[in-house]
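Comments concern the structure below.
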Amino acid sequence: MLVTVATVRGHAPRDAGAKLVVGQNETWGSIGGGNVEAVAVDRAREMIVASKPEPELIDFALNDKVTNQHGVQCCGGTVSVLLEPLAVVRSVAVFGVGHVGLELARILARQDLDLHLVDTRSDMLTEERLDVLADAVAQVHTHHTPLLPEEVLEELPHGTHILIMTHDHAEDAALCDAALRTSHLGSIGLIGSAAKWVRFRKRLATEGGHDEATIDRIKTPIGLADITGKDPATIAVSVAADLLRTFETEVD
């Protein structure tokens, strides 16, 4: 988030135009310290967590008669501080870059997002195979995880949308369990049949210990219900369209 001193009347720690960049764990620059900066940092991080795209203006009165959250600032003036996202870059992780996964990557690569492609099989992530993504608009990141692909979940950016479509149902099940235990993720989607989900749902409850509400975070089947084709390109179009609709819902 970019925090800017928008207006100043009277005395204040910094002049209009002073800037501060706020990340999830660090800050860069300063708008004068004290209560103004501390409140702005707190609110900026709340907006990051909420993925709030709209800017926000906060007014501060700098006198000793105002009850402040982080101490007294009695410079005598008033300050307006503008908080705005530097960029809302969405992140998507596709676990399993087989026939459907690669077709999906080709579509999502045309979007302005961080695209993470994860597979336990090195031959799915070769430069030659992924050459179809050479003109990608997205920032494409590959993760070869021969043993524990679920470990990638912790490394993904906050709010990353997860699509699980590996070649191995056991791997899918482990990823579903791990995704439900990873609190900073966005939506979780699983490819597969109704019969597959019945087995997974029972396993997540009995072996994983997840309650019904938590398990319901996983959407399956993924894609648009009225697109019923089964070839990889058709499935990929359906899944991508459903995901883009999720993005629009987030903005709303």
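Labels used: A, B, ... for chains in the order of the structure tokens, numbers from 1 for residues in each chain, and numbers from 1 for ligands as shown.
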
May I have a table of the residues of region 20-51 of chain A lying at most 10 Å from region 85-91 of chain A, giving each one's closest pair of atoms and their distance in Å to one decimal, counting only C-alpha atoms, ordered by chain and ascending residue number, as JSON lines?
{"residue": "A:Val21", "atom": "CA", "partner": "A:Leu86", "partner_atom": "CA", "distance": 8.6}
{"residue": "A:Val22", "atom": "CA", "partner": "A:Pro85", "partner_atom": "CA", "distance": 9.6}
{"residue": "A:Ala44", "atom": "CA", "partner": "A:Pro85", "partner_atom": "CA", "distance": 8.7}
{"residue": "A:Met47", "atom": "CA", "partner": "A:Pro85", "partner_atom": "CA", "distance": 8.5}
{"residue": "A:Ile48", "atom": "CA", "partner": "A:Pro85", "partner_atom": "CA", "distance": 8.1}
{"residue": "A:Ser51", "atom": "CA", "partner": "A:Val88", "partner_atom": "CA", "distance": 7.5}

For N, CA, C and O atoms, I'd like the residues from the last selection saved as a PDB file, in the first residue's frame.
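Saved result, result_26.pdb, follows:
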ATOM      1  N   VAL A  21       5.574   3.488   2.068  1.00  0.00           N
ATOM      2  CA  VAL A  21       5.112   2.246   1.455  1.00  0.00           C
ATOM      3  C   VAL A  21       4.989   1.202   2.565  1.00  0.00           C
ATOM      4  O   VAL A  21       5.914   1.000   3.357  1.00  0.00           O
ATOM      5  N   VAL A  22       3.833   0.532   2.611  1.00  0.00           N
ATOM      6  CA  VAL A  22       3.552  -0.441   3.658  1.00  0.00           C
ATOM      7  C   VAL A  22       3.397  -1.825   3.043  1.00  0.00           C
ATOM      8  O   VAL A  22       2.565  -2.033   2.152  1.00  0.00           O
ATOM      9  N   ALA A  44      -3.435   0.198   6.589  1.00  0.00           N
ATOM     10  CA  ALA A  44      -2.911  -0.289   5.311  1.00  0.00           C
ATOM     11  C   ALA A  44      -2.795  -1.806   5.317  1.00  0.00           C
ATOM     12  O   ALA A  44      -3.139  -2.476   4.330  1.00  0.00           O
ATOM     13  N   MET A  47      -6.108  -3.417   4.933  1.00  0.00           N
ATOM     14  CA  MET A  47      -6.544  -3.353   3.540  1.00  0.00           C
ATOM     15  C   MET A  47      -5.823  -4.390   2.685  1.00  0.00           C
ATOM     16  O   MET A  47      -6.394  -4.955   1.749  1.00  0.00           O
ATOM     17  N   ILE A  48      -4.562  -4.656   3.004  1.00  0.00           N
ATOM     18  CA  ILE A  48      -3.817  -5.701   2.285  1.00  0.00           C
ATOM     19  C   ILE A  48      -4.468  -7.057   2.520  1.00  0.00           C
ATOM     20  O   ILE A  48      -4.702  -7.822   1.587  1.00  0.00           O
ATOM     21  N   SER A  51      -7.561  -7.463   0.661  1.00  0.00           N
ATOM     22  CA  SER A  51      -7.408  -7.245  -0.784  1.00  0.00           C
ATOM     23  C   SER A  51      -8.318  -6.110  -1.249  1.00  0.00           C
ATOM     24  O   SER A  51      -9.003  -6.207  -2.264  1.00  0.00           O
TER      25      SER A  51
END

Residues within 12 Å of Ala109 (chain A), please, as a short mmCIF file (atom, residue, chain, number, x, y, z; two decimals) with N, CA and C atoms, in the first residue's frame. Count only C-alpha atoms; anything in the same chain fewer than 5 positions from it doesn't count.
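Result file is out_33.cif:
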data_model
loop_
_atom_site.label_atom_id
_atom_site.label_comp_id
_atom_site.auth_asym_id
_atom_site.auth_seq_id
_atom_site.Cartn_x
_atom_site.Cartn_y
_atom_site.Cartn_z
N SER A 91 -2.75 -13.76 -7.74
CA SER A 91 -1.84 -14.89 -7.83
C SER A 91 -2.66 -16.17 -7.95
N VAL A 92 -2.25 -17.05 -8.87
CA VAL A 92 -2.90 -18.32 -9.08
C VAL A 92 -1.84 -19.41 -9.11
N ALA A 93 -2.11 -20.52 -8.43
CA ALA A 93 -1.20 -21.66 -8.46
C ALA A 93 -1.93 -22.87 -9.03
N VAL A 94 -1.36 -23.44 -10.08
CA VAL A 94 -1.91 -24.64 -10.69
C VAL A 94 -1.04 -25.82 -10.29
N GLY A 101 -3.75 -28.92 -17.21
CA GLY A 101 -2.98 -27.88 -16.54
C GLY A 101 -2.23 -26.99 -17.51
N LEU A 102 -1.65 -27.57 -18.53
CA LEU A 102 -0.91 -26.77 -19.51
C LEU A 102 -1.85 -25.90 -20.32
N GLU A 103 -3.00 -26.47 -20.74
CA GLU A 103 -3.98 -25.66 -21.48
C GLU A 103 -4.48 -24.50 -20.61
N LEU A 104 -4.69 -24.77 -19.33
CA LEU A 104 -5.13 -23.72 -18.41
C LEU A 104 -4.04 -22.66 -18.25
N ASP A 114 0.33 -13.27 -11.12
CA ASP A 114 1.43 -14.18 -10.83
C ASP A 114 0.90 -15.60 -11.02
N LEU A 115 1.52 -16.34 -11.90
CA LEU A 115 1.06 -17.70 -12.21
C LEU A 115 2.12 -18.69 -11.77
N HIS A 116 1.76 -19.55 -10.82
CA HIS A 116 2.67 -20.55 -10.28
C HIS A 116 2.26 -21.92 -10.81
N LEU A 117 3.20 -22.60 -11.46
CA LEU A 117 2.96 -23.92 -12.01
C LEU A 117 3.77 -24.92 -11.20
N LEU A 130 7.10 -25.70 -21.93
CA LEU A 130 6.49 -24.44 -21.51
C LEU A 130 6.80 -23.30 -22.46
N ASP A 131 7.39 -23.61 -23.60
CA ASP A 131 7.69 -22.57 -24.59
C ASP A 131 6.42 -21.89 -25.09
N VAL A 132 5.27 -22.57 -24.96
CA VAL A 132 4.00 -21.97 -25.39
C VAL A 132 3.63 -20.78 -24.51
N LEU A 133 4.32 -20.61 -23.39
CA LEU A 133 4.05 -19.48 -22.50
C LEU A 133 5.06 -18.36 -22.67
N ALA A 134 5.86 -18.43 -23.72
CA ALA A 134 6.96 -17.48 -23.90
C ALA A 134 6.48 -16.04 -24.01
N ASP A 135 5.28 -15.82 -24.53
CA ASP A 135 4.78 -14.46 -24.69
C ASP A 135 3.80 -14.09 -23.58
N ALA A 136 3.93 -14.73 -22.43
CA ALA A 136 2.99 -14.53 -21.33
C ALA A 136 2.98 -13.09 -20.83
N VAL A 137 1.79 -12.61 -20.51
CA VAL A 137 1.64 -11.35 -19.80
C VAL A 137 1.89 -11.58 -18.30
N ALA A 138 1.46 -12.72 -17.83
CA ALA A 138 1.64 -13.08 -16.42
C ALA A 138 3.12 -13.30 -16.09
N GLN A 139 3.43 -13.15 -14.81
CA GLN A 139 4.73 -13.56 -14.31
C GLN A 139 4.65 -15.05 -13.98
N VAL A 140 5.33 -15.87 -14.74
CA VAL A 140 5.21 -17.32 -14.60
C VAL A 140 6.35 -17.86 -13.73
N HIS A 141 5.98 -18.63 -12.71
CA HIS A 141 6.95 -19.23 -11.80
C HIS A 141 6.73 -20.75 -11.82
N ALA A 240 -10.91 -21.48 -16.41
CA ALA A 240 -10.41 -20.11 -16.44
C ALA A 240 -11.54 -19.10 -16.33
#

Point to revise | Nearest residue to Leu148 (chain A) from the set A:Ile162, A:Arg181, A:Ile235, A:Phe95 (distances using only C-alpha atoms) | key: A:Phe95

Exercise for review: Name the residues in contact with Ser30 (chain A) at a cut-off of 8 Å, using only C-alpha atoms, excluding same-chain residues fewer than 3 positions from it; report them as a list in words.
Suggested key: Ala18, Lys19, Leu20, Gly33 and Glu37 of chain A

Exercise for review: Write out as an MDAnalysis selection string the residues lying within 12 Å of Ala205 (chain A), counting only C-alpha atoms and excluding same-chain residues fewer than 2 positions away.
Suggested key: chainID A and resid 173 176:177 180 198:203 207:216

Residue subset to file, keeping C-alpha atoms, as a short mmCIF file (atom, residue, chain, number, x, y, z; two decimals), in the first residue's frame:
data_model
loop_
_atom_site.label_atom_id
_atom_site.label_comp_id
_atom_site.auth_asym_id
_atom_site.auth_seq_id
_atom_site.Cartn_x
_atom_site.Cartn_y
_atom_site.Cartn_z
CA ALA A 173 -5.88 -35.43 -1.42
CA CYS A 176 -6.52 -30.48 -0.31
CA ASP A 177 -5.67 -31.23 3.31
CA LEU A 180 -7.22 -26.17 4.20
CA VAL A 198 -17.21 -38.15 -1.83
CA ARG A 199 -14.07 -40.11 -0.97
CA PHE A 200 -12.01 -36.97 -0.42
CA ARG A 201 -14.65 -35.33 1.75
CA LYS A 202 -14.84 -38.36 4.05
CA ARG A 203 -11.07 -38.55 4.30
CA GLU A 207 -8.32 -38.42 8.84
CA GLY A 208 -7.77 -34.69 8.46
CA GLY A 209 -10.08 -33.62 11.28
CA HIS A 210 -11.60 -30.78 9.26
CA ASP A 211 -15.14 -29.65 10.05
CA GLU A 212 -17.84 -29.31 7.38
CA ALA A 213 -17.49 -25.54 7.04
CA THR A 214 -13.75 -25.83 6.45
CA ILE A 215 -14.15 -28.60 3.89
CA ASP A 216 -16.71 -26.46 2.05
#

Practice item. Considering only C-alpha atoms, return as a list in words whatever protein or nucleic-acid residues lie within 9 Å of Leu243 (chain A), sequence-local ones (same chain, fewer than 6 positions apart) excluded. Key: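 Contacts, in chain order: His161, Ile222 and Gly223 of chain A.
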
Practice item. Name all residues at most 10 Å from Thr126 (chain A) (count only C-alpha atoms; drop same-chain ones fewer than 5 positions away) and give them as a list of chain:residue names. Key: A:Arg121, A:Asp131, A:Thr142, A:His144

Quick one: write out the picked residues with C-alpha atoms as a short mmCIF file (atom, residue, chain, number, x, y, z; two decimals), in the first residue's frame?
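Produced file part_36.cif, reproduced below:
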data_model
loop_
_atom_site.label_atom_id
_atom_site.label_comp_id
_atom_site.auth_asym_id
_atom_site.auth_seq_id
_atom_site.Cartn_x
_atom_site.Cartn_y
_atom_site.Cartn_z
CA ARG A 121 7.30 -34.47 -12.63
CA ASP A 131 7.69 -22.57 -24.59
CA THR A 142 7.66 -22.96 -11.97
CA HIS A 144 9.42 -28.73 -9.38
#
